[in-house]
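Structure data (PDB, C-alpha atoms and all ligand atoms) from model.pdb:
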```pdb
ATOM      1  CA  MET A  22      -1.769 -33.655   4.831
ATOM      2  CA  ARG A  23      -1.985 -32.455   1.305
ATOM      3  CA  LYS A  24      -1.064 -34.050  -1.931
ATOM      4  CA  ARG A  25      -1.415 -33.491  -5.604
ATOM      5  CA  PHE A  26      -4.582 -35.095  -6.926
ATOM      6  CA  ASP A  27      -3.365 -38.321  -8.502
ATOM      7  CA  GLY A  28      -6.364 -39.140 -10.637
ATOM      8  CA  ASN A  29      -6.863 -42.513  -8.959
ATOM      9  CA  LEU A  30      -9.765 -41.601  -6.748
ATOM     10  CA  ASN A  31     -12.936 -43.321  -7.745
ATOM     11  CA  TRP A  32     -15.377 -40.459  -7.780
ATOM     12  CA  SER A  33     -18.414 -42.632  -8.171
ATOM     13  CA  GLU A  34     -17.532 -44.073  -4.769
ATOM     14  CA  VAL A  35     -17.106 -40.828  -2.915
ATOM     15  CA  THR A  36     -20.052 -39.138  -4.581
ATOM     16  CA  PRO A  37     -22.678 -41.602  -5.674
ATOM     17  CA  LYS A  38     -25.029 -38.812  -6.763
ATOM     18  CA  ALA A  39     -22.467 -36.745  -8.597
ATOM     19  CA  GLN A  40     -23.456 -35.839 -12.124
ATOM     20  CA  TRP A  41     -20.011 -34.803 -13.124
ATOM     21  CA  LEU A  42     -19.364 -37.409 -15.719
ATOM     22  CA  ASN A  43     -16.317 -37.473 -17.929
ATOM     23  CA  ARG A  44     -14.122 -36.051 -15.242
ATOM     24  CA  ARG A  45     -11.150 -37.683 -16.851
ATOM     25  CA  SER A  46     -11.771 -36.140 -20.229
ATOM     26  CA  LEU A  47     -12.594 -32.819 -18.593
ATOM     27  CA  LEU A  48      -9.235 -32.778 -16.900
ATOM     28  CA  ALA A  49      -7.386 -34.614 -19.648
ATOM     29  CA  GLY A  50      -5.814 -31.714 -21.409
ATOM     30  CA  ALA A  51      -5.370 -27.986 -21.310
ATOM     31  CA  GLY A  52      -7.733 -27.755 -24.268
ATOM     32  CA  ALA A  53     -10.648 -29.286 -22.424
ATOM     33  CA  LEU A  54     -13.657 -27.060 -22.063
ATOM     34  CA  MET A  55     -15.906 -26.483 -19.154
ATOM     35  CA  VAL A  56     -19.159 -24.621 -18.998
ATOM     36  CA  ALA A  57     -19.296 -22.125 -16.165
ATOM     37  CA  GLY A  58     -21.967 -19.480 -15.984
ATOM     38  CA  GLY A  59     -22.514 -19.763 -19.689
ATOM     39  CA  ALA A  60     -18.850 -19.163 -20.399
ATOM     40  CA  GLN A  61     -16.381 -21.532 -21.944
ATOM     41  CA  ALA A  62     -13.207 -21.655 -19.936
ATOM     42  CA  ARG A  63     -10.134 -23.788 -19.864
ATOM     43  CA  ILE A  64      -9.568 -26.074 -16.939
ATOM     44  CA  ALA A  65      -6.069 -26.997 -15.886
ATOM     45  CA  ALA A  66      -4.936 -30.577 -16.340
ATOM     46  CA  ALA A  67      -4.124 -31.231 -12.701
ATOM     47  CA  ALA A  68      -5.631 -30.300  -9.391
ATOM     48  CA  SER A  69      -3.818 -27.951  -7.091
ATOM     49  CA  ASP A  70      -1.025 -28.638  -4.645
ATOM     50  CA  PHE A  71      -3.211 -27.037  -2.013
ATOM     51  CA  SER A  72      -5.895 -29.695  -2.229
ATOM     52  CA  THR A  73      -6.611 -31.835   0.789
ATOM     53  CA  ASP A  74      -6.671 -35.587   0.371
ATOM     54  CA  ALA A  75      -9.717 -35.900   2.620
ATOM     55  CA  ALA A  76     -12.740 -37.481   0.947
ATOM     56  CA  PRO A  77     -15.113 -34.813  -0.380
ATOM     57  CA  ASN A  78     -18.693 -34.532   0.769
ATOM     58  CA  THR A  79     -21.294 -35.754  -1.665
ATOM     59  CA  LEU A  80     -22.893 -33.406  -4.179
ATOM     60  CA  GLU A  81     -26.157 -33.933  -2.325
ATOM     61  CA  GLU A  82     -24.651 -32.722   0.965
ATOM     62  CA  ILE A  83     -22.881 -29.780  -0.661
ATOM     63  CA  THR A  84     -26.009 -28.589  -2.452
ATOM     64  CA  ARG A  85     -28.707 -29.275   0.167
ATOM     65  CA  TYR A  86     -27.114 -27.967   3.364
ATOM     66  CA  ASN A  87     -26.255 -24.332   2.727
ATOM     67  CA  ASN A  88     -26.068 -20.875   4.200
ATOM     68  CA  PHE A  89     -27.291 -18.260   1.728
ATOM     69  CA  TYR A  90     -29.554 -15.846   3.583
ATOM     70  CA  GLU A  91     -30.702 -14.212   0.355
ATOM     71  CA  PHE A  92     -32.765 -17.376  -0.087
ATOM     72  CA  GLY A  93     -33.791 -17.860   3.537
ATOM     73  CA  THR A  94     -32.197 -18.783   6.839
ATOM     74  CA  GLY A  95     -32.900 -22.533   6.838
ATOM     75  CA  LYS A  96     -30.193 -24.904   5.637
ATOM     76  CA  GLU A  97     -32.459 -26.257   2.897
ATOM     77  CA  ASP A  98     -33.910 -22.877   1.901
ATOM     78  CA  PRO A  99     -31.150 -22.073  -0.627
ATOM     79  CA  ALA A 100     -31.723 -25.360  -2.463
ATOM     80  CA  ASN A 101     -35.510 -24.974  -2.322
ATOM     81  CA  ASN A 102     -35.790 -21.251  -3.140
ATOM     82  CA  SER A 103     -33.054 -20.544  -5.668
ATOM     83  CA  ALA A 104     -34.359 -22.209  -8.836
ATOM     84  CA  GLY A 105     -35.585 -18.859 -10.194
ATOM     85  CA  PHE A 106     -32.262 -17.103  -9.745
ATOM     86  CA  MET A 107     -30.641 -16.136 -13.073
ATOM     87  CA  PRO A 108     -26.834 -16.243 -12.969
ATOM     88  CA  ASP A 109     -26.464 -15.695 -16.708
ATOM     89  CA  PRO A 110     -25.658 -13.146 -18.094
ATOM     90  CA  TRP A 111     -23.417 -11.833 -15.314
ATOM     91  CA  SER A 112     -20.889  -9.087 -14.883
ATOM     92  CA  VAL A 113     -18.692  -7.932 -12.029
ATOM     93  CA  LYS A 114     -17.887  -4.274 -11.376
ATOM     94  CA  ILE A 115     -14.257  -3.908 -10.387
ATOM     95  CA  ASP A 116     -13.533  -0.418  -9.110
ATOM     96  CA  GLY A 117     -11.733   1.734  -6.571
ATOM     97  CA  MET A 118      -7.946   1.719  -6.501
ATOM     98  CA  VAL A 119      -7.335  -0.187  -9.734
ATOM     99  CA  ASP A 120      -5.720   0.861 -13.016
ATOM    100  CA  ARG A 121      -8.451  -0.615 -15.218
ATOM    101  CA  PRO A 122     -11.818  -0.260 -13.458
ATOM    102  CA  GLY A 123     -14.913  -1.426 -15.281
ATOM    103  CA  ASP A 124     -17.871  -3.727 -15.593
ATOM    104  CA  TYR A 125     -16.368  -7.030 -16.612
ATOM    105  CA  ALA A 126     -18.514  -9.696 -18.227
ATOM    106  CA  LEU A 127     -18.020 -13.076 -16.580
ATOM    107  CA  ASP A 128     -16.868 -14.482 -19.920
ATOM    108  CA  ASP A 129     -14.075 -11.893 -20.035
ATOM    109  CA  ILE A 130     -13.024 -12.697 -16.495
ATOM    110  CA  LEU A 131     -12.931 -16.417 -17.208
ATOM    111  CA  GLY A 132     -11.193 -15.891 -20.532
ATOM    112  CA  GLY A 133      -8.108 -14.670 -18.716
ATOM    113  CA  ALA A 134      -8.137 -17.292 -16.001
ATOM    114  CA  THR A 135      -7.038 -20.908 -15.877
ATOM    115  CA  LEU A 136      -9.547 -22.950 -13.964
ATOM    116  CA  GLU A 137      -8.227 -25.501 -11.527
ATOM    117  CA  GLU A 138      -9.901 -28.042  -9.328
ATOM    118  CA  ARG A 139      -9.126 -27.665  -5.649
ATOM    119  CA  ILE A 140     -10.495 -29.765  -2.817
ATOM    120  CA  TYR A 141     -10.724 -27.553   0.262
ATOM    121  CA  ARG A 142     -11.881 -28.066   3.803
ATOM    122  CA  PHE A 143     -14.666 -25.597   4.449
ATOM    123  CA  ARG A 144     -15.546 -24.793   8.051
ATOM    124  CA  CYS A 145     -18.589 -22.813   9.013
ATOM    125  CA  VAL A 146     -18.718 -20.640  12.126
ATOM    126  CA  GLU A 147     -21.584 -22.812  13.382
ATOM    127  CA  ALA A 148     -19.077 -25.662  13.850
ATOM    128  CA  TRP A 149     -19.959 -27.849  10.915
ATOM    129  CA  SER A 150     -17.567 -28.514   8.087
ATOM    130  CA  MET A 151     -17.433 -30.048   4.635
ATOM    131  CA  VAL A 152     -14.811 -30.932   2.067
ATOM    132  CA  ILE A 153     -15.710 -29.458  -1.304
ATOM    133  CA  PRO A 154     -14.105 -29.996  -4.718
ATOM    134  CA  TRP A 155     -14.222 -26.482  -6.099
ATOM    135  CA  VAL A 156     -13.437 -25.378  -9.619
ATOM    136  CA  GLY A 157     -12.010 -21.900  -9.718
ATOM    137  CA  PHE A 158      -9.014 -19.665 -10.180
ATOM    138  CA  GLU A 159      -6.827 -17.542  -7.965
ATOM    139  CA  LEU A 160      -8.300 -14.152  -7.128
ATOM    140  CA  ALA A 161      -4.762 -12.778  -7.520
ATOM    141  CA  THR A 162      -4.785 -13.434 -11.280
ATOM    142  CA  LEU A 163      -7.865 -11.245 -11.686
ATOM    143  CA  LEU A 164      -6.521  -8.507  -9.407
ATOM    144  CA  ASN A 165      -3.235  -8.500 -11.312
ATOM    145  CA  ARG A 166      -5.083  -8.164 -14.599
ATOM    146  CA  VAL A 167      -6.979  -5.078 -13.481
ATOM    147  CA  GLY A 168      -3.869  -3.617 -11.839
ATOM    148  CA  VAL A 169      -4.035  -2.914  -8.108
ATOM    149  CA  GLN A 170      -2.758   0.564  -7.294
ATOM    150  CA  PRO A 171       0.030   0.951  -4.720
ATOM    151  CA  GLY A 172      -2.111   2.561  -2.006
ATOM    152  CA  ALA A 173      -4.741  -0.193  -1.936
ATOM    153  CA  LYS A 174      -4.827  -2.204   1.290
ATOM    154  CA  PHE A 175      -8.174  -4.045   1.285
ATOM    155  CA  VAL A 176     -10.563  -5.738  -1.125
ATOM    156  CA  ALA A 177     -14.310  -5.376  -0.553
ATOM    157  CA  PHE A 178     -16.887  -7.698  -2.142
ATOM    158  CA  GLU A 179     -20.642  -7.378  -2.631
ATOM    159  CA  THR A 180     -23.361  -9.873  -3.519
ATOM    160  CA  VAL A 181     -26.066  -9.061  -6.049
ATOM    161  CA  VAL A 182     -29.324  -7.476  -4.808
ATOM    162  CA  ARG A 183     -32.354  -8.970  -6.566
ATOM    163  CA  PRO A 184     -35.275  -9.253  -4.167
ATOM    164  CA  GLU A 185     -37.485 -10.428  -7.024
ATOM    165  CA  GLN A 186     -35.268 -13.511  -7.430
ATOM    166  CA  MET A 187     -33.949 -13.767  -3.865
ATOM    167  CA  PRO A 188     -36.873 -14.067  -1.443
ATOM    168  CA  GLY A 189     -34.689 -13.614   1.652
ATOM    169  CA  GLN A 190     -33.855 -10.083   0.497
ATOM    170  CA  ARG A 191     -37.508  -9.078   0.854
ATOM    171  CA  SER A 192     -36.939  -9.001   4.593
ATOM    172  CA  ARG A 193     -34.504  -6.718   6.376
ATOM    173  CA  LEU A 194     -32.815  -9.608   8.074
ATOM    174  CA  LEU A 195     -29.436  -8.346   6.910
ATOM    175  CA  ASP A 196     -28.451  -4.969   5.545
ATOM    176  CA  TRP A 197     -28.270  -5.981   1.862
ATOM    177  CA  PRO A 198     -26.108  -6.315  -0.111
ATOM    178  CA  TYR A 199     -24.184  -9.026   1.719
ATOM    179  CA  ARG A 200     -20.660  -7.625   2.073
ATOM    180  CA  GLU A 201     -17.294  -9.140   2.804
ATOM    181  CA  GLY A 202     -13.689  -8.054   2.734
ATOM    182  CA  LEU A 203     -10.097  -9.224   2.853
ATOM    183  CA  ARG A 204      -6.819  -7.516   3.514
ATOM    184  CA  LEU A 205      -4.916  -7.216   0.236
ATOM    185  CA  ASP A 206      -2.257  -9.785   1.204
ATOM    186  CA  GLU A 207      -5.016 -12.264   2.080
ATOM    187  CA  ALA A 208      -6.741 -11.560  -1.227
ATOM    188  CA  MET A 209      -3.497 -12.092  -3.158
ATOM    189  CA  HIS A 210      -2.701 -15.368  -1.382
ATOM    190  CA  PRO A 211      -2.825 -18.357  -3.773
ATOM    191  CA  LEU A 212      -5.244 -20.200  -1.459
ATOM    192  CA  THR A 213      -7.863 -17.500  -2.063
ATOM    193  CA  ILE A 214      -9.935 -18.428  -5.081
ATOM    194  CA  LEU A 215     -12.951 -17.288  -6.994
ATOM    195  CA  ALA A 216     -14.969 -20.445  -7.568
ATOM    196  CA  THR A 217     -17.179 -20.874 -10.623
ATOM    197  CA  GLY A 218     -17.985 -24.533 -10.179
ATOM    198  CA  LEU A 219     -17.881 -27.614  -8.026
ATOM    199  CA  TYR A 220     -17.615 -31.276  -8.896
ATOM    200  CA  GLY A 221     -16.616 -30.216 -12.393
ATOM    201  CA  GLU A 222     -19.869 -28.427 -13.161
ATOM    202  CA  ALA A 223     -21.027 -24.835 -13.059
ATOM    203  CA  LEU A 224     -21.763 -23.608  -9.545
ATOM    204  CA  PRO A 225     -25.327 -24.436  -8.424
ATOM    205  CA  ASN A 226     -27.369 -21.349  -7.508
ATOM    206  CA  GLN A 227     -27.452 -22.289  -3.828
ATOM    207  CA  ASN A 228     -23.654 -22.373  -3.704
ATOM    208  CA  GLY A 229     -23.236 -18.851  -5.091
ATOM    209  CA  ALA A 230     -23.614 -18.994  -8.862
ATOM    210  CA  PRO A 231     -22.035 -17.882 -11.027
ATOM    211  CA  ILE A 232     -18.983 -16.732  -9.070
ATOM    212  CA  ARG A 233     -18.153 -16.760  -5.352
ATOM    213  CA  LEU A 234     -15.187 -16.397  -3.077
ATOM    214  CA  VAL A 235     -13.543 -19.309  -1.251
ATOM    215  CA  VAL A 236     -11.086 -18.521   1.555
ATOM    216  CA  PRO A 237     -10.412 -21.905   3.161
ATOM    217  CA  TRP A 238      -8.554 -20.771   6.294
ATOM    218  CA  LYS A 239     -11.415 -18.491   7.372
ATOM    219  CA  TYR A 240     -14.901 -19.197   8.677
ATOM    220  CA  GLY A 241     -17.358 -19.863   5.881
ATOM    221  CA  PHE A 242     -19.171 -16.534   6.075
ATOM    222  CA  LYS A 243     -16.138 -14.800   4.527
ATOM    223  CA  SER A 244     -16.708 -16.828   1.355
ATOM    224  CA  ILE A 245     -19.241 -14.458  -0.190
ATOM    225  CA  LYS A 246     -21.519 -15.738  -2.934
ATOM    226  CA  SER A 247     -22.851 -14.383  -6.258
ATOM    227  CA  ILE A 248     -20.383 -11.499  -6.394
ATOM    228  CA  VAL A 249     -21.212  -8.399  -8.460
ATOM    229  CA  ARG A 250     -18.651  -5.949  -7.127
ATOM    230  CA  ILE A 251     -14.983  -6.053  -6.169
ATOM    231  CA  HIS A 252     -13.721  -2.775  -4.750
ATOM    232  CA  LEU A 253     -10.089  -1.939  -3.936
ATOM    233  CA  THR A 254      -9.690   0.492  -1.060
ATOM    234  CA  ASP A 255      -7.235   1.822   1.495
ATOM    235  CA  THR A 256      -9.635   1.482   4.435
ATOM    236  CA  MET A 257     -10.941  -1.669   6.137
ATOM    237  CA  PRO A 258     -14.367  -2.264   4.581
ATOM    238  CA  ALA A 259     -17.613  -2.868   6.443
ATOM    239  CA  THR A 260     -18.629  -6.528   6.422
ATOM    240  CA  THR A 261     -22.113  -7.947   6.922
ATOM    241  CA  TRP A 262     -21.661 -10.056  10.059
ATOM    242  CA  ASN A 263     -19.364  -7.554  11.717
ATOM    243  CA  MET A 264     -21.945  -4.813  11.040
ATOM    244  CA  LEU A 265     -24.619  -6.993  12.627
ATOM    245  CA  ASN A 266     -22.635  -8.040  15.688
ATOM    246  CA  ALA A 267     -19.043  -6.846  16.011
ATOM    247  CA  ARG A 268     -18.458  -8.702  19.274
ATOM    248  CA  GLU A 269     -19.275 -12.035  17.685
ATOM    249  CA  TYR A 270     -17.788 -11.545  14.232
ATOM    250  CA  GLY A 271     -14.500  -9.794  13.568
ATOM    251  CA  PHE A 272     -13.015  -8.690  10.283
ATOM    252  CA  TYR A 273     -10.377 -11.415  10.096
ATOM    253  CA  SER A 274     -12.491 -14.437  11.032
ATOM    254  CA  ASN A 275      -9.602 -16.864  10.753
ATOM    255  CA  VAL A 276     -10.538 -20.357  11.866
ATOM    256  CA  ASN A 277      -9.123 -20.425  15.386
ATOM    257  CA  PRO A 278      -9.978 -23.167  17.896
ATOM    258  CA  GLY A 279      -8.427 -21.019  20.632
ATOM    259  CA  VAL A 280     -10.915 -18.164  20.252
ATOM    260  CA  ASP A 281     -14.490 -19.083  21.086
ATOM    261  CA  HIS A 282     -17.532 -17.452  19.594
ATOM    262  CA  PRO A 283     -19.203 -15.696  22.559
ATOM    263  CA  ARG A 284     -22.106 -18.139  22.361
ATOM    264  CA  TRP A 285     -20.307 -21.392  21.590
ATOM    265  CA  SER A 286     -16.942 -23.122  21.514
ATOM    266  CA  GLN A 287     -14.954 -23.129  18.269
ATOM    267  CA  ALA A 288     -12.645 -25.939  19.370
ATOM    268  CA  SER A 289     -14.299 -28.780  17.483
ATOM    269  CA  GLU A 290     -16.459 -29.395  14.460
ATOM    270  CA  ARG A 291     -18.822 -31.940  12.966
ATOM    271  CA  ARG A 292     -18.300 -33.089   9.396
ATOM    272  CA  VAL A 293     -21.612 -32.832   7.550
ATOM    273  CA  GLY A 294     -22.722 -36.255   6.355
ATOM    274  CA  GLY A 295     -20.917 -38.128   9.092
ATOM    275  CA  GLY A 296     -24.251 -39.162  10.588
ATOM    276  CA  LEU A 297     -26.041 -38.045  13.706
ATOM    277  CA  PHE A 298     -23.615 -39.783  16.053
ATOM    278  CA  ALA A 299     -20.442 -38.913  14.201
ATOM    279  CA  LYS A 300     -17.575 -37.992  16.473
ATOM    280  CA  ARG A 301     -16.664 -34.338  16.528
ATOM    281  CA  VAL A 302     -13.142 -33.655  15.354
ATOM    282  CA  ASP A 303     -10.749 -31.058  16.733
ATOM    283  CA  THR A 304     -10.749 -27.900  14.658
ATOM    284  CA  GLN A 305      -7.301 -26.999  13.356
ATOM    285  CA  MET A 306      -5.800 -23.526  13.523
ATOM    286  CA  PHE A 307      -6.379 -21.783  10.198
ATOM    287  CA  ASN A 308      -8.551 -24.783   9.283
ATOM    288  CA  GLY A 309      -5.343 -26.762   8.745
ATOM    289  CA  TYR A 310      -3.791 -24.294   6.294
ATOM    290  CA  GLY A 311      -1.414 -22.741   8.833
ATOM    291  CA  GLU A 312       1.763 -23.705   7.001
ATOM    292  CA  HIS A 313       0.576 -21.536   4.102
ATOM    293  CA  VAL A 314      -1.019 -18.585   5.856
ATOM    294  CA  ALA A 315       0.260 -18.218   9.432
ATOM    295  CA  ALA A 316       2.993 -15.846   8.231
ATOM    296  CA  LEU A 317       0.352 -13.364   7.074
ATOM    297  CA  TYR A 318      -0.449 -12.675  10.733
ATOM    298  CA  ALA A 319       3.044 -12.543  12.218
ATOM    299  CA  GLY A 320       3.067 -10.077  15.091
ATOM    300  CA  GLN A 321      -0.744  -9.834  15.271
ATOM    301  CA  ASP A 322      -2.669 -10.796  18.391
ATOM    302  CA  LEU A 323      -5.341 -13.082  16.946
ATOM    303  CA  THR A 324      -7.415 -13.022  20.111
ATOM    304  CA  ARG A 325      -7.869  -9.313  19.475
ATOM    305  CA  ASP A 326      -7.898  -9.498  15.675
ATOM    306  CA  TYR A 327     -10.547 -12.249  15.557
TER     307      TYR A 327
HETATM  308  N1  LIG B   1     -22.797 -15.211   0.794
HETATM  309  C1  LIG B   1     -23.960 -14.537   0.730
HETATM  310  N2  LIG B   1     -24.123 -13.625  -0.251
HETATM  311  N3  LIG B   1     -24.971 -14.740   1.610
HETATM  312  C2  LIG B   1     -24.841 -15.637   2.638
HETATM  313  O1  LIG B   1     -25.781 -15.783   3.447
HETATM  314  N4  LIG B   1     -23.398 -17.273   3.757
HETATM  315  C3  LIG B   1     -21.983 -17.544   4.100
HETATM  316  C4  LIG B   1     -21.130 -17.803   2.861
HETATM  317  N5  LIG B   1     -21.437 -16.835   1.814
HETATM  318  C5  LIG B   1     -23.616 -16.369   2.747
HETATM  319  C6  LIG B   1     -22.614 -16.135   1.778
HETATM  320  C7  LIG B   1     -21.840 -18.638   5.044
HETATM  321  S1  LIG B   1     -22.318 -18.326   6.660
HETATM  322  C8  LIG B   1     -21.295 -19.836   4.680
HETATM  323  S2  LIG B   1     -20.964 -21.053   5.867
HETATM  324  C9  LIG B   1     -21.006 -20.163   3.263
HETATM  325  O2  LIG B   1     -21.386 -19.112   2.391
HETATM  326  C10 LIG B   1     -21.741 -21.419   2.863
HETATM  327  O3  LIG B   1     -21.339 -21.840   1.568
HETATM  328  P1  LIG B   1     -21.988 -23.141   0.907
HETATM  329  O4  LIG B   1     -23.479 -23.040   1.072
HETATM  330  O5  LIG B   1     -21.584 -23.129  -0.531
HETATM  331  O6  LIG B   1     -21.440 -24.329   1.636
END
```
For this file, produce the structure as structure tokens.
Amino acid sequence: MRKRFDGNLNWSEVTPKAQWLNRRSLLAGAGALMVAGGAQARIAAAASDFSTDAAPNTLEEITRYNNFYEFGTGKEDPANNSAGFMPDPWSVKIDGMVDRPGDYALDDILGGATLEERIYRFRCVEAWSMVIPWVGFELATLLNRVGVQPGAKFVAFETVVRPEQMPGQRSRLLDWPYREGLRLDEAMHPLTILATGLYGEALPNQNGAPIRLVVPWKYGFKSIKSIVRIHLTDTMPATTWNMLNAREYGFYSNVNPGVDHPRWSQASERRVGGGLFAKRVDTQMFNGYGEHVAALYAGQDLTRDY
């Protein structure tokens, strides 16, 4: 069930710790300004049609229970170890099969984008989930601005490498940089966003400041954080978790309750914040976004293309 955000939700009820004051004035008009990564960007007046009407997790939950291995493997490590990370100034290299490659300052990227608020279900491969009110814009608008060349078939993403600011990168736990990829049609889908904020504020470091991907119908590890490179290519790119363990993590990684992870079931999930004894809920195919994205995979065997 999805609906347009109607402005009647009482945010102080759903997020007692939220610091995003003045939401109404923030969203009141197209001229409203929002600070994101040091940049001033416009935020659209209304939230997206794609938003879920499920109650969002609290800011506390969203910012204290994270996966961001650059800051450690514990769920609280990103919150505890990311204060020294500097997301400003920031630029993103966009290269490969594009008409206008270059190093784009975040301000330039945001200057050509209309920020929207979208409340997405977010489901991690470890079978926990959250509902997060992101602020971001469609990746497609950026790709269209740089001009994707006809032969391009995939988009590859890379996270910044800064071991001096990211203690997890001082170990060889993963083959840094963290890498992810999407097929071009997935990347161009309007549900795929680059997020620059949540709860109406700039993205906290632990959530991938200043700019990260959000692909709500895929397992959370596809949603790569702190992006410094977007590369258009005609070959399927290497991705971090697939490189580490191809049997457990495929390229597509669509949320699919019918395909179990080799070490655990993917049929149900636990909403973070629901309490220790909260009932698990059935996981939905494509995380509930099937009506929008199932057609992308027509004719594909998703038990093979997991
Ligand atoms: N991006 C980078 N660079 N490094 C990571 O370790 N973890 C992924 C994804 N993006 C990760 C990453 C995983 S496993 C998940 S579930 C989500 O980020 C978590 O996003 P959140 O902490 O904002 O909820």
### Query
ligand LIG 1 (chain B): which residues are within 7 Å, counting all atoms listed in the file, as a PyMOL selection string?
chain A and resi 83+86-91+144-146+180+199+227-229+240-247
Output of the above residues as a CSV table (one decimal), in the coordinates of the input, restricted to C-alpha atoms:
```
chain,number,residue,atom,x,y,z
A,83,ILE,CA,-22.9,-29.8,-0.7
A,86,TYR,CA,-27.1,-28.0,3.4
A,87,ASN,CA,-26.3,-24.3,2.7
A,88,ASN,CA,-26.1,-20.9,4.2
A,89,PHE,CA,-27.3,-18.3,1.7
A,90,TYR,CA,-29.6,-15.8,3.6
A,91,GLU,CA,-30.7,-14.2,0.4
A,144,ARG,CA,-15.5,-24.8,8.1
A,145,CYS,CA,-18.6,-22.8,9.0
A,146,VAL,CA,-18.7,-20.6,12.1
A,180,THR,CA,-23.4,-9.9,-3.5
A,199,TYR,CA,-24.2,-9.0,1.7
A,227,GLN,CA,-27.5,-22.3,-3.8
A,228,ASN,CA,-23.7,-22.4,-3.7
A,229,GLY,CA,-23.2,-18.9,-5.1
A,240,TYR,CA,-14.9,-19.2,8.7
A,241,GLY,CA,-17.4,-19.9,5.9
A,242,PHE,CA,-19.2,-16.5,6.1
A,243,LYS,CA,-16.1,-14.8,4.5
A,244,SER,CA,-16.7,-16.8,1.4
A,245,ILE,CA,-19.2,-14.5,-0.2
A,246,LYS,CA,-21.5,-15.7,-2.9
A,247,SER,CA,-22.9,-14.4,-6.3
```
### Query
How many Å lie between atom CA of A:Glu269 and atom CA of A:Glu82, rounded to one decimal?
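Atom CA of A:Glu269 sits 27.1 Å away from atom CA of A:Glu82.
Considering all atoms listed in the file, the residue among A:Arg250, A:Lys174, A:Arg142, A:Lys114 positioned nearest to A:Trp238 is A:Arg142.
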### Query
Which value, in Å to one decimal, gives the distance between atom CA of A:Glu179 and atom CA of A:Arg200?
4.7 Å
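Atom to atom, atom CA of A:Thr135 and atom CA of A:Asp120 stand 22.0 Å apart.
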#### Entry: Explicit residues for the PyMOL selection byres (((chain A and resi 150-155) around 7) and not hetatm) (as an MDAnalysis selection string)
chainID A and resid 76:78 138:145 148:149 156:157 216 218:220 290:293
### Query
Taking the file as shown, what set of residues would the PyMOL selection byres (((chain A and resi 249) around 12) and not hetatm) give back, as a PyMOL selection string?
chain A and resi 108+110-116+123-127+177-183+198-201+229-234+245-248+250-252
### Message
as a VMD selection string, please: the residues near A:Phe158 (cut-off 12 Å, all atoms listed in the file, same-chain neighbours under 5 positions excluded).
### Response
chain A and resid 62 to 65 68 to 69 130 to 139 163 to 164 209 to 218 232 to 236
Mind writing the picked residues with C-alpha atoms as a JSON list (two decimals), in the coordinates of the input?
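Output contents, as saved in part_30.json:
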```json
[["chain", "number", "residue", "atom", "x", "y", "z"],
["A", 62, "ALA", "CA", -13.21, -21.66, -19.94],
["A", 63, "ARG", "CA", -10.13, -23.79, -19.86],
["A", 64, "ILE", "CA", -9.57, -26.07, -16.94],
["A", 65, "ALA", "CA", -6.07, -27.00, -15.89],
["A", 68, "ALA", "CA", -5.63, -30.30, -9.39],
["A", 69, "SER", "CA", -3.82, -27.95, -7.09],
["A", 130, "ILE", "CA", -13.02, -12.70, -16.50],
["A", 131, "LEU", "CA", -12.93, -16.42, -17.21],
["A", 132, "GLY", "CA", -11.19, -15.89, -20.53],
["A", 133, "GLY", "CA", -8.11, -14.67, -18.72],
["A", 134, "ALA", "CA", -8.14, -17.29, -16.00],
["A", 135, "THR", "CA", -7.04, -20.91, -15.88],
["A", 136, "LEU", "CA", -9.55, -22.95, -13.96],
["A", 137, "GLU", "CA", -8.23, -25.50, -11.53],
["A", 138, "GLU", "CA", -9.90, -28.04, -9.33],
["A", 139, "ARG", "CA", -9.13, -27.66, -5.65],
["A", 163, "LEU", "CA", -7.86, -11.24, -11.69],
["A", 164, "LEU", "CA", -6.52, -8.51, -9.41],
["A", 209, "MET", "CA", -3.50, -12.09, -3.16],
["A", 210, "HIS", "CA", -2.70, -15.37, -1.38],
["A", 211, "PRO", "CA", -2.82, -18.36, -3.77],
["A", 212, "LEU", "CA", -5.24, -20.20, -1.46],
["A", 213, "THR", "CA", -7.86, -17.50, -2.06],
["A", 214, "ILE", "CA", -9.94, -18.43, -5.08],
["A", 215, "LEU", "CA", -12.95, -17.29, -6.99],
["A", 216, "ALA", "CA", -14.97, -20.44, -7.57],
["A", 217, "THR", "CA", -17.18, -20.87, -10.62],
["A", 218, "GLY", "CA", -17.98, -24.53, -10.18],
["A", 232, "ILE", "CA", -18.98, -16.73, -9.07],
["A", 233, "ARG", "CA", -18.15, -16.76, -5.35],
["A", 234, "LEU", "CA", -15.19, -16.40, -3.08],
["A", 235, "VAL", "CA", -13.54, -19.31, -1.25],
["A", 236, "VAL", "CA", -11.09, -18.52, 1.56]]
```
### Task
Tell me which of A:Ser274, A:Thr84, A:Gln186, A:Thr94 sits closest to A:Pro237, counting all atoms listed in the file.
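Under the stated criterion, the closest residue is A:Ser274.
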### Query
If I put a ball of radius 12 Å at (-0.5, -20.3, 4.6) in the file's coordinates, which residues poke into it when counting only C-alpha atoms, written as a list of chain:residue names?
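Residues lying no farther than 12 Å from the given point: A:Phe71, A:Asp206, A:Glu207, A:Met209, A:His210, A:Pro211, A:Leu212, A:Thr213, A:Val236, A:Pro237, A:Trp238, A:Lys239, A:Asn275, A:Met306, A:Phe307, A:Asn308, A:Gly309, A:Tyr310, A:Gly311, A:Glu312, A:His313, A:Val314, A:Ala315, A:Ala316, A:Leu317, A:Tyr318, A:Ala319.
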Where is the centre and how long are the edges: axis-aligned box on stretch 79-98 of chain A, 6 Å on each side, Å to one decimal, as lines of an AutoDock Vina configuration file:
```
center_x = -27.6
center_y = -25.0
center_z = 1.3
size_x = 24.6
size_y = 33.5
size_z = 23.0
```
